[in-house]
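Listing of my_file.txt, compact mmCIF, C-alpha atoms
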# COMPACT_ATOMS: atom_id res chain seq x y z
CA MET H 15 14.91 10.72 15.49
CA GLU H 16 16.46 7.26 15.52
CA PRO H 17 14.06 4.87 13.76
CA GLN H 18 12.57 2.01 15.72
CA GLU H 19 13.79 -1.42 14.64
CA GLY H 20 10.46 -2.15 13.00
CA ARG H 21 7.12 -2.28 14.76
CA LYS H 22 6.89 -5.65 16.46
CA GLY H 23 3.27 -6.59 15.71
CA ILE H 24 2.49 -10.29 16.14
CA PRO H 25 6.08 -11.29 17.13
CA SER H 26 5.77 -9.07 20.22
CA LEU H 27 3.03 -11.40 21.47
CA LEU H 28 4.97 -14.56 20.75
CA SER H 29 8.03 -13.32 22.63
CA SER H 30 6.07 -12.38 25.75
CA GLN H 31 5.84 -14.48 28.89
CA GLY H 32 2.49 -15.93 29.92
CA GLU H 33 -0.60 -14.93 27.96
CA CYS H 34 -0.20 -14.13 24.26
CA ILE H 35 -3.24 -11.89 23.82
CA ALA H 36 -3.29 -8.55 22.02
CA THR H 37 -4.78 -5.72 24.05
CA ASN H 38 -6.35 -4.28 20.89
CA ILE H 39 -6.13 -4.68 17.13
CA THR H 40 -3.64 -1.83 16.62
CA GLN H 41 -1.03 -3.86 18.50
CA LEU H 42 -1.05 -6.31 15.58
CA ILE H 43 0.07 -3.71 13.03
CA GLY H 44 3.69 -4.26 12.12
CA TRP H 45 6.06 -7.01 11.11
CA THR H 46 5.21 -9.06 8.01
CA PRO H 47 7.21 -11.89 6.46
CA LEU H 48 9.35 -11.87 3.34
CA ILE H 49 8.95 -14.63 0.77
CA GLU H 50 11.16 -15.68 -2.14
CA LEU H 51 9.52 -16.20 -5.53
CA ARG H 52 11.48 -19.28 -6.49
CA ASN H 53 8.95 -20.85 -8.87
CA ILE H 54 8.60 -17.76 -11.05
CA ALA H 55 12.33 -17.03 -10.95
CA GLU H 56 13.16 -20.59 -12.03
CA LYS H 57 10.51 -20.67 -14.77
CA ASP H 58 11.68 -17.33 -16.21
CA GLY H 59 15.39 -18.12 -15.85
CA ILE H 60 16.00 -15.20 -13.48
CA GLY H 61 19.44 -15.21 -11.87
CA ALA H 62 18.54 -12.69 -9.18
CA ARG H 63 16.65 -13.38 -5.95
CA LEU H 64 13.06 -12.08 -6.03
CA ILE H 65 11.69 -11.26 -2.57
CA GLY H 66 8.23 -9.97 -1.67
CA LYS H 67 7.01 -8.51 1.64
CA ILE H 68 3.54 -9.92 2.38
CA GLU H 69 1.52 -6.97 3.67
CA PRO H 70 -1.80 -8.87 3.58
CA TYR H 71 -0.55 -10.15 6.96
CA GLN H 72 -1.52 -6.77 8.44
CA PRO H 73 -4.73 -6.84 10.55
CA LEU H 74 -6.91 -5.52 7.74
CA SER H 75 -4.78 -6.90 4.96
CA SER H 76 -2.84 -3.98 3.48
CA VAL H 77 0.32 -1.91 3.86
CA LYS H 78 -1.91 1.13 4.45
CA ASP H 79 -2.60 -0.09 7.99
CA ARG H 80 0.89 1.18 8.81
CA SER H 81 0.33 4.63 7.28
CA ALA H 82 -3.09 4.99 8.88
CA LEU H 83 -1.71 4.26 12.34
CA ARG H 84 1.18 6.70 12.02
CA LEU H 85 -1.03 9.47 10.59
CA ILE H 86 -3.37 9.17 13.57
CA GLU H 87 -0.64 8.74 16.19
CA ASP H 88 1.25 11.75 14.83
CA ALA H 89 -1.85 13.94 15.02
CA GLU H 90 -2.48 12.75 18.59
CA GLU H 91 1.12 13.42 19.61
CA ARG H 92 0.80 16.98 18.31
CA GLY H 93 -2.49 17.52 20.11
CA LEU H 94 -4.44 18.05 16.89
CA ILE H 95 -7.17 15.45 17.43
CA THR H 96 -9.20 14.14 20.37
CA PRO H 97 -11.22 10.89 20.49
CA GLY H 98 -14.95 11.48 20.75
CA ILE H 99 -14.60 15.05 19.50
CA THR H 100 -12.61 15.08 16.25
CA THR H 101 -14.02 13.79 12.97
CA LEU H 102 -11.32 12.37 10.73
CA LEU H 103 -11.59 13.00 7.00
CA GLY H 104 -9.51 11.41 4.27
CA VAL H 105 -9.27 10.86 0.51
CA THR H 106 -8.64 7.21 -0.29
CA SER H 107 -8.89 4.67 -3.07
CA GLY H 108 -9.92 2.31 -0.31
CA ASN H 109 -7.03 0.69 1.53
CA LEU H 110 -5.96 3.72 3.59
CA GLY H 111 -9.59 4.33 4.43
CA ILE H 112 -10.02 0.78 5.66
CA GLY H 113 -6.87 1.16 7.76
CA VAL H 114 -8.12 4.42 9.27
CA ALA H 115 -11.57 2.88 9.83
CA PHE H 116 -10.51 0.10 12.16
CA ILE H 117 -8.04 2.28 14.07
CA ALA H 118 -10.65 5.03 14.42
CA ALA H 119 -13.15 2.47 15.73
CA GLN H 120 -10.65 1.28 18.32
CA LYS H 121 -9.67 4.78 19.42
CA GLY H 122 -13.12 6.40 19.34
CA TYR H 123 -13.01 8.70 16.29
CA LYS H 124 -15.68 9.27 13.67
CA PHE H 125 -14.29 8.93 10.14
CA ILE H 126 -15.57 10.15 6.75
CA ALA H 127 -13.95 8.58 3.68
CA LEU H 128 -13.91 10.31 0.29
CA MET H 129 -13.52 7.90 -2.61
CA PRO H 130 -13.56 8.04 -6.40
CA ALA H 131 -16.94 6.80 -7.61
CA LYS H 132 -17.30 3.73 -9.87
CA LEU H 133 -14.03 2.21 -8.63
CA SER H 134 -13.12 -0.22 -5.84
CA LEU H 135 -16.60 -1.59 -5.11
CA ASP H 136 -15.14 -4.18 -2.73
CA LYS H 137 -13.47 -1.44 -0.68
CA GLN H 138 -16.64 0.66 -0.60
CA ILE H 139 -18.49 -2.38 0.77
CA LEU H 140 -15.87 -2.98 3.46
CA LEU H 141 -15.84 0.66 4.56
CA ARG H 142 -19.62 0.74 4.91
CA TYR H 143 -19.50 -2.59 6.74
CA LEU H 144 -17.06 -0.98 9.19
CA GLY H 145 -19.65 1.72 9.82
CA ILE H 146 -17.87 4.47 7.89
CA GLU H 147 -19.62 7.29 6.05
CA VAL H 148 -18.43 7.04 2.43
CA VAL H 149 -18.69 10.07 0.16
CA LEU H 150 -18.29 9.24 -3.54
CA VAL H 151 -16.94 11.77 -6.04
CA ASP H 152 -16.79 11.38 -9.82
CA ALA H 153 -13.03 11.78 -10.07
CA VAL H 154 -12.86 9.81 -13.34
CA GLN H 155 -14.73 12.58 -15.15
CA HIS H 156 -13.65 15.60 -13.11
CA GLY H 157 -10.16 14.57 -11.95
CA PHE H 158 -8.51 14.44 -8.54
CA LYS H 159 -9.29 18.12 -8.00
CA ALA H 160 -12.94 17.15 -7.56
CA LEU H 161 -11.97 15.12 -4.50
CA LEU H 162 -9.95 17.99 -3.06
CA ASP H 163 -12.83 20.41 -3.66
CA ARG H 164 -15.17 18.08 -1.77
CA VAL H 165 -12.67 17.94 1.11
CA GLU H 166 -12.72 21.74 1.35
CA GLN H 167 -16.51 21.76 1.37
CA LEU H 168 -16.69 19.15 4.14
CA LYS H 169 -14.16 21.10 6.20
CA LYS H 170 -16.69 23.96 6.21
CA ASP H 171 -19.71 21.75 6.86
CA VAL H 172 -18.37 19.42 9.59
CA GLU H 173 -17.32 20.63 13.03
CA ASN H 174 -13.98 19.65 14.57
CA VAL H 175 -12.74 17.99 11.40
CA TYR H 176 -9.14 16.92 10.79
CA VAL H 177 -7.92 15.89 7.33
CA LEU H 178 -5.63 12.87 7.12
CA ASP H 179 -3.81 13.78 3.90
CA GLN H 180 -1.63 10.86 2.91
CA PHE H 181 -0.25 12.77 -0.09
CA THR H 182 1.27 15.68 1.88
CA ASN H 183 1.68 14.51 5.48
CA PRO H 184 5.27 13.45 6.36
CA ALA H 185 3.85 11.01 8.92
CA ASN H 186 3.00 8.72 5.99
CA PRO H 187 6.59 8.03 4.85
CA ASP H 188 7.66 8.19 8.50
CA ALA H 189 5.68 4.99 9.12
CA HIS H 190 7.87 3.20 6.61
CA PHE H 191 11.11 4.83 7.76
CA ARG H 192 10.34 3.76 11.34
CA TRP H 193 8.89 0.32 10.68
CA THR H 194 8.87 -1.13 7.15
CA GLY H 195 12.42 -0.18 6.18
CA PRO H 196 14.02 -1.57 9.35
CA GLU H 197 12.04 -4.81 8.95
CA ILE H 198 13.33 -5.29 5.41
CA TRP H 199 16.90 -4.48 6.41
CA LYS H 200 16.84 -6.87 9.36
CA ASP H 201 15.06 -9.76 7.64
CA THR H 202 17.36 -9.66 4.59
CA ALA H 203 20.39 -9.46 6.91
CA GLY H 204 21.30 -6.26 5.10
CA LYS H 205 21.64 -8.09 1.77
CA VAL H 206 18.99 -6.14 -0.14
CA ASP H 207 20.50 -4.67 -3.32
CA ILE H 208 17.43 -3.23 -5.03
CA PHE H 209 14.11 -2.08 -3.58
CA ILE H 210 11.19 -1.72 -5.98
CA ALA H 211 7.80 -0.24 -5.10
CA ALA H 212 4.93 1.48 -6.85
CA SER H 213 3.98 5.01 -5.92
CA GLY H 214 0.43 5.80 -4.87
CA SER H 215 0.79 8.38 -2.14
CA GLY H 216 4.59 7.94 -2.29
CA GLY H 217 4.82 6.97 1.37
CA THR H 218 6.23 3.45 1.10
CA ILE H 219 8.94 4.09 -1.48
CA THR H 220 10.02 7.33 0.21
CA GLY H 221 10.16 5.98 3.76
CA VAL H 222 11.65 2.57 2.99
CA GLY H 223 14.07 4.05 0.46
CA ARG H 224 15.28 6.67 2.91
CA TYR H 225 15.98 4.04 5.57
CA LEU H 226 17.70 1.55 3.25
CA LYS H 227 19.92 4.23 1.70
CA MET H 228 20.81 5.44 5.19
CA LYS H 229 22.00 1.91 6.01
CA ASN H 230 23.67 1.34 2.63
CA PRO H 231 23.89 4.19 0.08
CA SER H 232 24.53 1.70 -2.73
CA VAL H 233 21.02 0.22 -2.46
CA LYS H 234 19.12 1.03 -5.67
CA LEU H 235 15.62 2.47 -5.35
CA MET H 236 13.22 1.92 -8.24
CA CYS H 237 9.78 3.46 -8.51
CA VAL H 238 6.94 1.72 -10.36
CA GLU H 239 4.20 3.67 -12.11
CA PRO H 240 1.46 2.85 -14.65
CA ALA H 241 2.65 3.00 -18.26
CA GLU H 242 -0.72 4.51 -19.17
CA SER H 243 -0.20 7.44 -16.76
CA PRO H 244 3.56 8.01 -16.35
CA VAL H 245 3.44 11.38 -14.58
CA ILE H 246 6.54 10.80 -12.42
CA SER H 247 8.42 10.11 -15.65
CA GLY H 248 7.16 13.42 -17.01
CA GLY H 249 4.23 12.07 -19.02
CA GLU H 250 0.57 13.03 -19.04
CA PRO H 251 -2.00 11.67 -16.57
CA ALA H 252 -4.51 9.21 -18.00
CA PHE H 253 -6.92 6.52 -16.84
CA HIS H 254 -5.50 3.15 -15.86
CA ASN H 255 -6.73 0.21 -13.83
CA ILE H 256 -3.87 -0.49 -11.41
CA LEU H 257 -5.90 0.43 -8.36
CA GLY H 258 -4.10 2.26 -5.56
CA ILE H 259 -1.16 3.68 -7.50
CA GLY H 260 -0.61 6.38 -10.12
CA PRO H 261 -3.06 9.04 -8.88
CA GLY H 262 -2.33 11.25 -11.89
CA PHE H 263 -0.05 13.73 -10.13
CA VAL H 264 3.27 13.67 -8.29
CA PRO H 265 2.55 13.47 -4.54
CA GLU H 266 4.19 16.11 -2.37
CA ILE H 267 5.74 13.53 -0.04
CA LEU H 268 7.37 11.53 -2.84
CA ASP H 269 11.12 12.14 -2.58
CA ARG H 270 12.19 11.86 -6.21
CA SER H 271 15.77 12.82 -5.37
CA GLN H 272 16.49 9.35 -4.00
CA ILE H 273 14.88 7.40 -6.85
CA ASP H 274 17.46 5.75 -9.11
CA GLU H 275 15.09 4.58 -11.82
CA ILE H 276 11.41 4.62 -12.79
CA VAL H 277 9.92 1.41 -14.18
CA THR H 278 6.61 1.57 -16.03
CA VAL H 279 4.14 -1.33 -16.06
CA THR H 280 0.90 -1.63 -18.02
CA THR H 281 -2.39 -2.59 -16.41
CA GLN H 282 -2.35 -5.83 -18.38
CA GLU H 283 1.17 -6.69 -17.18
CA ALA H 284 0.14 -6.01 -13.58
CA MET H 285 -2.95 -8.21 -13.78
CA ASP H 286 -1.18 -11.01 -15.61
CA MET H 287 1.52 -11.06 -12.94
CA ALA H 288 -0.98 -10.98 -10.07
CA ARG H 289 -2.62 -14.07 -11.60
CA ARG H 290 0.78 -15.74 -12.00
CA LEU H 291 1.56 -15.09 -8.34
CA ALA H 292 -1.66 -16.87 -7.41
CA ARG H 293 -1.23 -19.87 -9.70
CA GLU H 294 2.53 -20.36 -9.52
CA GLU H 295 3.41 -19.16 -6.01
CA GLY H 296 0.06 -19.56 -4.20
CA LEU H 297 0.03 -15.86 -3.29
CA LEU H 298 -3.30 -14.03 -3.34
CA VAL H 299 -2.28 -10.40 -3.82
CA GLY H 300 -3.77 -7.36 -5.50
CA ILE H 301 -3.20 -5.53 -8.77
CA SER H 302 -0.51 -3.13 -7.54
CA SER H 303 1.37 -6.11 -6.11
CA GLY H 304 1.26 -7.61 -9.60
CA ALA H 305 2.71 -4.34 -10.92
CA ASN H 306 5.53 -4.49 -8.38
CA ALA H 307 6.33 -8.10 -9.24
CA ALA H 308 6.22 -7.38 -12.97
CA ALA H 309 8.69 -4.53 -12.49
CA CYS H 310 10.92 -6.86 -10.45
CA LEU H 311 11.06 -9.34 -13.33
CA LYS H 312 12.04 -6.59 -15.76
CA VAL H 313 14.83 -5.39 -13.50
CA ALA H 314 16.00 -8.82 -12.31
CA SER H 315 16.28 -10.16 -15.87
CA ARG H 316 19.12 -7.72 -16.63
CA GLU H 317 22.51 -9.39 -16.71
CA GLU H 318 24.04 -6.78 -14.37
CA ASN H 319 21.57 -7.81 -11.66
CA ARG H 320 22.37 -11.52 -11.69
CA GLY H 321 22.93 -12.74 -8.14
CA LYS H 322 21.43 -9.61 -6.57
CA MET H 323 18.55 -9.48 -4.10
CA VAL H 324 15.53 -7.59 -5.37
CA VAL H 325 12.88 -6.78 -2.75
CA THR H 326 9.38 -5.49 -3.37
CA MET H 327 6.03 -5.00 -1.62
CA PHE H 328 2.92 -7.12 -1.91
CA SER H 329 0.72 -4.33 -0.67
CA SER H 330 -2.71 -5.91 -0.26
CA GLY H 331 -4.66 -9.14 -0.58
CA ALA H 332 -6.46 -10.26 -3.74
CA GLU H 333 -9.84 -10.75 -2.04
CA ARG H 334 -10.19 -6.95 -1.98
CA TYR H 335 -10.49 -6.97 -5.79
CA LEU H 336 -13.15 -9.64 -6.39
CA ASN H 337 -15.37 -7.19 -8.27
CA SER H 338 -12.53 -5.73 -10.32
CA GLU H 339 -11.17 -6.67 -13.73
CA LEU H 340 -8.59 -8.87 -11.98
CA PHE H 341 -11.28 -11.49 -11.23
CA ALA H 342 -13.65 -10.75 -14.14
CA GLN H 343 -13.00 -13.95 -16.09
CA VAL H 344 -13.18 -16.40 -13.20
CA LYS H 345 -16.19 -14.55 -11.76
CA GLU H 346 -18.04 -14.97 -15.06
CA GLU H 347 -17.06 -18.64 -15.22
CA CYS H 348 -18.39 -19.25 -11.70
CA ILE H 349 -21.66 -17.45 -12.44
CA ASN H 350 -22.16 -19.44 -15.66
CA VAL H 351 -21.44 -22.78 -13.97
CA ASN H 352 -23.91 -22.01 -11.18
CA MET H 353 -26.60 -20.98 -13.68
CA THR H 354 -26.43 -24.42 -15.32
CA LEU H 355 -27.17 -26.27 -12.08
Could I get this file's structure written as structure tokens?
Amino acid sequence: MEPQEGRKGIPSLLSSQGECIATNITQLIGWTPLIELRNIAEKDGIGARLIGKIEPYQPLSSVKDRSALRLIEDAEERGLITPGITTLLGVTSGNLGIGVAFIAAQKGYKFIALMPAKLSLDKQILLRYLGIEVVLVDAVQHGFKALLDRVEQLKKDVENVYVLDQFTNPANPDAHFRWTGPEIWKDTAGKVDIFIAASGSGGTITGVGRYLKMKNPSVKLMCVEPAESPVISGGEPAFHNILGIGPGFVPEILDRSQIDEIVTVTTQEAMDMARRLAREEGLLVGISSGANAAACLKVASREENRGKMVVTMFSSGAERYLNSELFAQVKEECINVNMTL
């Protein structure tokens, strides 16, 4: 299939004649702007161009809106689900679930989200606010298998259930081959030299990488993973706090054959960079976005990459992590100040 030249999203409204009104929220999923990190590049003496794709511009503020839409549309196209009858079921650290939630609400599906307990409180709150049934599983103690076991149990207990499996379903990377990759290629005028992205489900780096290498085989594809849990690099899974990436196993849909290099980033490096992006570039992005930017600095600082264009993803907005370690210090400061008044 020939990929679409990016999903139009908001620009499709601006280019229309007459009224500029979306018919529903799913029409707004699509194009997001690229931004150059000039302040950080100048401060760190980086000779390459650092470019980030601002996915918080999606309707519900994350890149997972794209995957959620394609997973649902693909199942509809294949006649596997029916609004008002099918119950959607999915394992999520939060952002995919939020993406599925608003699309399911628009289309008329019930959705049950399975999440690791004790993580992502902000995302749990948002899912419940969207009216979603949230099932929490202690994956920290029992591992990802505990989530998969709960999925199998719910498949037996719930009628007409369909599992949206972002880790195995090719529709996930297809969203980025159809939409995200073409957007990056077009908006960089084909000048992208290196694409860097963290792997959670593996959808973004596989889909975007496949498209960019189709357009220019010399484009380098670099995968980011937590240094504490470097399973793609062949290491052992372990706990880390870069929410949304590094699930502790190699996802089935991750195409490792096209990856040119793996870059590891610690949780501390990811959080420090996310804070720098806020204070030096005015960008409120999440922890995995900090990991992506930190990896970009490591790669861009190499002499062989001077003058090259390095593109990465800012996958979600920072407000989704207010109750995480990312905001712990400023949260405590605000609480203490208010207590003195």
* To do: Would you mind listing what lies within 12 Å of H:Gln41 as a PyMOL selection string, with only C-alpha atoms counted and same-chain residues fewer than 6 positions away left out?
  => chain H and resi 21-27+34-35+72-73+79-80+83+117+120
Write out as JSON lines a residue-level contact list of stretch 104-159 of chain H versus stretch 213-232 of chain H with cut-off 12 Å: for each qualifying residue the closest pair of atoms and the distance in Å to one decimal, counting only C-alpha atoms, rows sorted by chain and residue number upward.
{"residue": "H:Val105", "atom": "CA", "partner": "H:Ser215", "partner_atom": "CA", "distance": 10.7}
{"residue": "H:Thr106", "atom": "CA", "partner": "H:Ser215", "partner_atom": "CA", "distance": 9.7}
{"residue": "H:Ser107", "atom": "CA", "partner": "H:Gly214", "partner_atom": "CA", "distance": 9.6}
{"residue": "H:Gly108", "atom": "CA", "partner": "H:Gly214", "partner_atom": "CA", "distance": 11.8}
{"residue": "H:Asn109", "atom": "CA", "partner": "H:Gly214", "partner_atom": "CA", "distance": 11.1}
{"residue": "H:Leu110", "atom": "CA", "partner": "H:Ser215", "partner_atom": "CA", "distance": 10.0}
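Here atom CA of H:Met129 and atom CA of H:Ala115 stand 13.6 Å from one another.
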Around (0.7, -9.7, -5.9) in the file's own coordinates, what residues are found within 8 Å if you use all atoms listed in the file, given back as a compact mmCIF listing (two decimals) with C-alpha atoms, in the coordinates of the input?
# COMPACT_ATOMS: atom_id res chain seq x y z
CA MET H 287 1.52 -11.06 -12.94
CA ALA H 288 -0.98 -10.98 -10.07
CA ARG H 289 -2.62 -14.07 -11.60
CA LEU H 291 1.56 -15.09 -8.34
CA ALA H 292 -1.66 -16.87 -7.41
CA LEU H 297 0.03 -15.86 -3.29
CA LEU H 298 -3.30 -14.03 -3.34
CA VAL H 299 -2.28 -10.40 -3.82
CA GLY H 300 -3.77 -7.36 -5.50
CA ILE H 301 -3.20 -5.53 -8.77
CA SER H 302 -0.51 -3.13 -7.54
CA SER H 303 1.37 -6.11 -6.11
CA GLY H 304 1.26 -7.61 -9.60
CA ALA H 305 2.71 -4.34 -10.92
CA ASN H 306 5.53 -4.49 -8.38
CA ALA H 307 6.33 -8.10 -9.24
CA PHE H 328 2.92 -7.12 -1.91
CA SER H 329 0.72 -4.33 -0.67
CA SER H 330 -2.71 -5.91 -0.26
CA GLY H 331 -4.66 -9.14 -0.58
CA ALA H 332 -6.46 -10.26 -3.74
* Could you tell me how far atom CA of H:Val324 lies from atom CA of H:Ile65, in Å and to one decimal? => 6.0 Å
* **Expected answer as a PyMOL selection string: all residues with atoms within 10 Å of (3.1, 0.9, -18.1), all atoms listed in the file** => chain H and resi 238-244+254+256+277-284+305+309
Sorted per-residue table, stretch 173-259 of chain H near stretch 315-319 of chain H, closest atoms and distance, 12 Å, all atoms listed in the file, as CSV:
residue,atom,partner,partner_atom,distance
H:Val206,CA,H:Asn319,CA,11.9
H:Asp207,CA,H:Asn319,CA,9.0
H:Ile208,CA,H:Asn319,CA,9.1
H:Lys234,CA,H:Asn319,CA,11.0
* Can you work out which one of H:Tyr176, H:Phe116, H:Tyr335, H:Trp45 has the shortest atom-to-atom distance to H:Ile99, counting only C-alpha atoms? =>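 Of H:Tyr176, H:Phe116, H:Tyr335, H:Trp45, the one nearest H:Ile99, counting only C-alpha atoms, is H:Tyr176.
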* To do: Mind giving me the straight-line distance from atom CA of H:Leu74 to atom CA of H:Leu257 in Å, one decimal?
  =>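 Distance between the two atoms: 17.2 Å.
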For the contact check between stretch 241-329 of chain H and stretch 145-154 of chain H, emit one row per residue of stretch 241-329 of chain H within 12 Å, containing the shortest atom pair and the distance in Å rounded to one decimal, counting all atoms listed in the file, chain then rising number order, as a Markdown table.
| residue | atom | partner | partner_atom | distance |
| --- | --- | --- | --- | --- |
| H:Pro251 | CA | H:Val154 | CA | 11.5 |
| H:Ala252 | CA | H:Val154 | CA | 9.6 |
| H:Phe253 | CA | H:Val154 | CA | 7.6 |
| H:His254 | CA | H:Val154 | CA | 10.2 |
| H:Asn255 | CA | H:Val154 | CA | 11.4 |
| H:Pro261 | CA | H:Ala153 | CA | 10.4 |
| H:Gly262 | CA | H:Val154 | CA | 10.7 |
Export, as a PDB file, in the coordinates of the input, the selected residues with C-alpha atoms.
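Printed below is again.pdb as written:
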ATOM      1  CA  PRO H 251      -2.000  11.670 -16.570  1.00  0.00           C
ATOM      2  CA  ALA H 252      -4.510   9.210 -18.000  1.00  0.00           C
ATOM      3  CA  PHE H 253      -6.920   6.520 -16.840  1.00  0.00           C
ATOM      4  CA  HIS H 254      -5.500   3.150 -15.860  1.00  0.00           C
ATOM      5  CA  ASN H 255      -6.730   0.210 -13.830  1.00  0.00           C
ATOM      6  CA  PRO H 261      -3.060   9.040  -8.880  1.00  0.00           C
ATOM      7  CA  GLY H 262      -2.330  11.250 -11.890  1.00  0.00           C
TER       8      GLY H 262
END
Would you mind completing stretch 224-231 of chain H so that it carries all heavy atoms, and writing it out as a PDB file, in the coordinates of the input?
ATOM      1  N   ARG H 224      14.457   5.800   2.062  1.00  0.00           N
ATOM      2  CA  ARG H 224      15.280   6.670   2.910  1.00  0.00           C
ATOM      3  C   ARG H 224      16.031   5.839   3.960  1.00  0.00           C
ATOM      4  O   ARG H 224      17.222   6.062   4.220  1.00  0.00           O
ATOM      5  CB  ARG H 224      14.384   7.708   3.578  1.00  0.00           C
ATOM      6  CG  ARG H 224      15.126   8.806   4.324  1.00  0.00           C
ATOM      7  CD  ARG H 224      14.129   9.871   4.771  1.00  0.00           C
ATOM      8  NE  ARG H 224      13.532  10.563   3.627  1.00  0.00           N
ATOM      9  CZ  ARG H 224      12.361  11.191   3.650  1.00  0.00           C
ATOM     10  NH1 ARG H 224      11.638  11.178   4.759  1.00  0.00           N
ATOM     11  NH2 ARG H 224      11.914  11.804   2.580  1.00  0.00           N
ATOM     12  N   TYR H 225      15.337   4.865   4.543  1.00  0.00           N
ATOM     13  CA  TYR H 225      15.980   4.040   5.570  1.00  0.00           C
ATOM     14  C   TYR H 225      17.072   3.145   4.949  1.00  0.00           C
ATOM     15  O   TYR H 225      18.193   3.065   5.472  1.00  0.00           O
ATOM     16  CB  TYR H 225      14.962   3.166   6.295  1.00  0.00           C
ATOM     17  CG  TYR H 225      15.592   2.349   7.398  1.00  0.00           C
ATOM     18  CD1 TYR H 225      15.780   2.895   8.668  1.00  0.00           C
ATOM     19  CD2 TYR H 225      16.049   1.057   7.168  1.00  0.00           C
ATOM     20  CE1 TYR H 225      16.394   2.159   9.677  1.00  0.00           C
ATOM     21  CE2 TYR H 225      16.664   0.317   8.163  1.00  0.00           C
ATOM     22  CZ  TYR H 225      16.839   0.876   9.417  1.00  0.00           C
ATOM     23  OH  TYR H 225      17.456   0.152  10.413  1.00  0.00           O
ATOM     24  N   LEU H 226      16.737   2.484   3.847  1.00  0.00           N
ATOM     25  CA  LEU H 226      17.700   1.550   3.250  1.00  0.00           C
ATOM     26  C   LEU H 226      18.941   2.284   2.747  1.00  0.00           C
ATOM     27  O   LEU H 226      20.066   1.795   2.912  1.00  0.00           O
ATOM     28  CB  LEU H 226      17.048   0.784   2.103  1.00  0.00           C
ATOM     29  CG  LEU H 226      15.926  -0.188   2.488  1.00  0.00           C
ATOM     30  CD1 LEU H 226      15.376  -0.880   1.250  1.00  0.00           C
ATOM     31  CD2 LEU H 226      16.408  -1.221   3.514  1.00  0.00           C
ATOM     32  N   LYS H 227      18.759   3.464   2.174  1.00  0.00           N
ATOM     33  CA  LYS H 227      19.920   4.230   1.700  1.00  0.00           C
ATOM     34  C   LYS H 227      20.733   4.791   2.867  1.00  0.00           C
ATOM     35  O   LYS H 227      21.946   5.004   2.731  1.00  0.00           O
ATOM     36  CB  LYS H 227      19.465   5.338   0.757  1.00  0.00           C
ATOM     37  CG  LYS H 227      19.118   4.826  -0.649  1.00  0.00           C
ATOM     38  CD  LYS H 227      18.731   5.955  -1.571  1.00  0.00           C
ATOM     39  CE  LYS H 227      18.506   5.474  -2.994  1.00  0.00           C
ATOM     40  NZ  LYS H 227      19.754   5.135  -3.706  1.00  0.00           N
ATOM     41  N   MET H 228      20.083   5.030   4.002  1.00  0.00           N
ATOM     42  CA  MET H 228      20.810   5.440   5.190  1.00  0.00           C
ATOM     43  C   MET H 228      21.729   4.305   5.668  1.00  0.00           C
ATOM     44  O   MET H 228      22.877   4.534   6.055  1.00  0.00           O
ATOM     45  CB  MET H 228      19.836   5.827   6.305  1.00  0.00           C
ATOM     46  CG  MET H 228      20.504   6.251   7.609  1.00  0.00           C
ATOM     47  SD  MET H 228      19.302   6.542   8.946  1.00  0.00           S
ATOM     48  CE  MET H 228      18.857   4.846   9.364  1.00  0.00           C
ATOM     49  N   LYS H 229      21.217   3.065   5.587  1.00  0.00           N
ATOM     50  CA  LYS H 229      22.000   1.910   6.010  1.00  0.00           C
ATOM     51  C   LYS H 229      23.066   1.524   4.989  1.00  0.00           C
ATOM     52  O   LYS H 229      24.155   1.085   5.350  1.00  0.00           O
ATOM     53  CB  LYS H 229      21.063   0.712   6.260  1.00  0.00           C
ATOM     54  CG  LYS H 229      20.017   0.940   7.341  1.00  0.00           C
ATOM     55  CD  LYS H 229      20.622   1.180   8.705  1.00  0.00           C
ATOM     56  CE  LYS H 229      21.166  -0.087   9.312  1.00  0.00           C
ATOM     57  NZ  LYS H 229      21.607   0.098  10.719  1.00  0.00           N
ATOM     58  N   ASN H 230      22.732   1.695   3.695  1.00  0.00           N
ATOM     59  CA  ASN H 230      23.670   1.340   2.630  1.00  0.00           C
ATOM     60  C   ASN H 230      23.373   2.215   1.404  1.00  0.00           C
ATOM     61  O   ASN H 230      22.439   1.941   0.654  1.00  0.00           O
ATOM     62  CB  ASN H 230      23.538  -0.132   2.253  1.00  0.00           C
ATOM     63  CG  ASN H 230      24.470  -0.535   1.117  1.00  0.00           C
ATOM     64  OD1 ASN H 230      25.304   0.257   0.682  1.00  0.00           O
ATOM     65  ND2 ASN H 230      24.325  -1.753   0.626  1.00  0.00           N
ATOM     66  N   PRO H 231      24.149   3.261   1.192  1.00  0.00           N
ATOM     67  CA  PRO H 231      23.890   4.190   0.080  1.00  0.00           C
ATOM     68  C   PRO H 231      23.912   3.543  -1.301  1.00  0.00           C
ATOM     69  O   PRO H 231      23.399   4.131  -2.261  1.00  0.00           O
ATOM     70  CB  PRO H 231      25.027   5.211   0.211  1.00  0.00           C
ATOM     71  CG  PRO H 231      25.440   5.144   1.647  1.00  0.00           C
ATOM     72  CD  PRO H 231      25.269   3.705   2.044  1.00  0.00           C
TER      73      PRO H 231
END
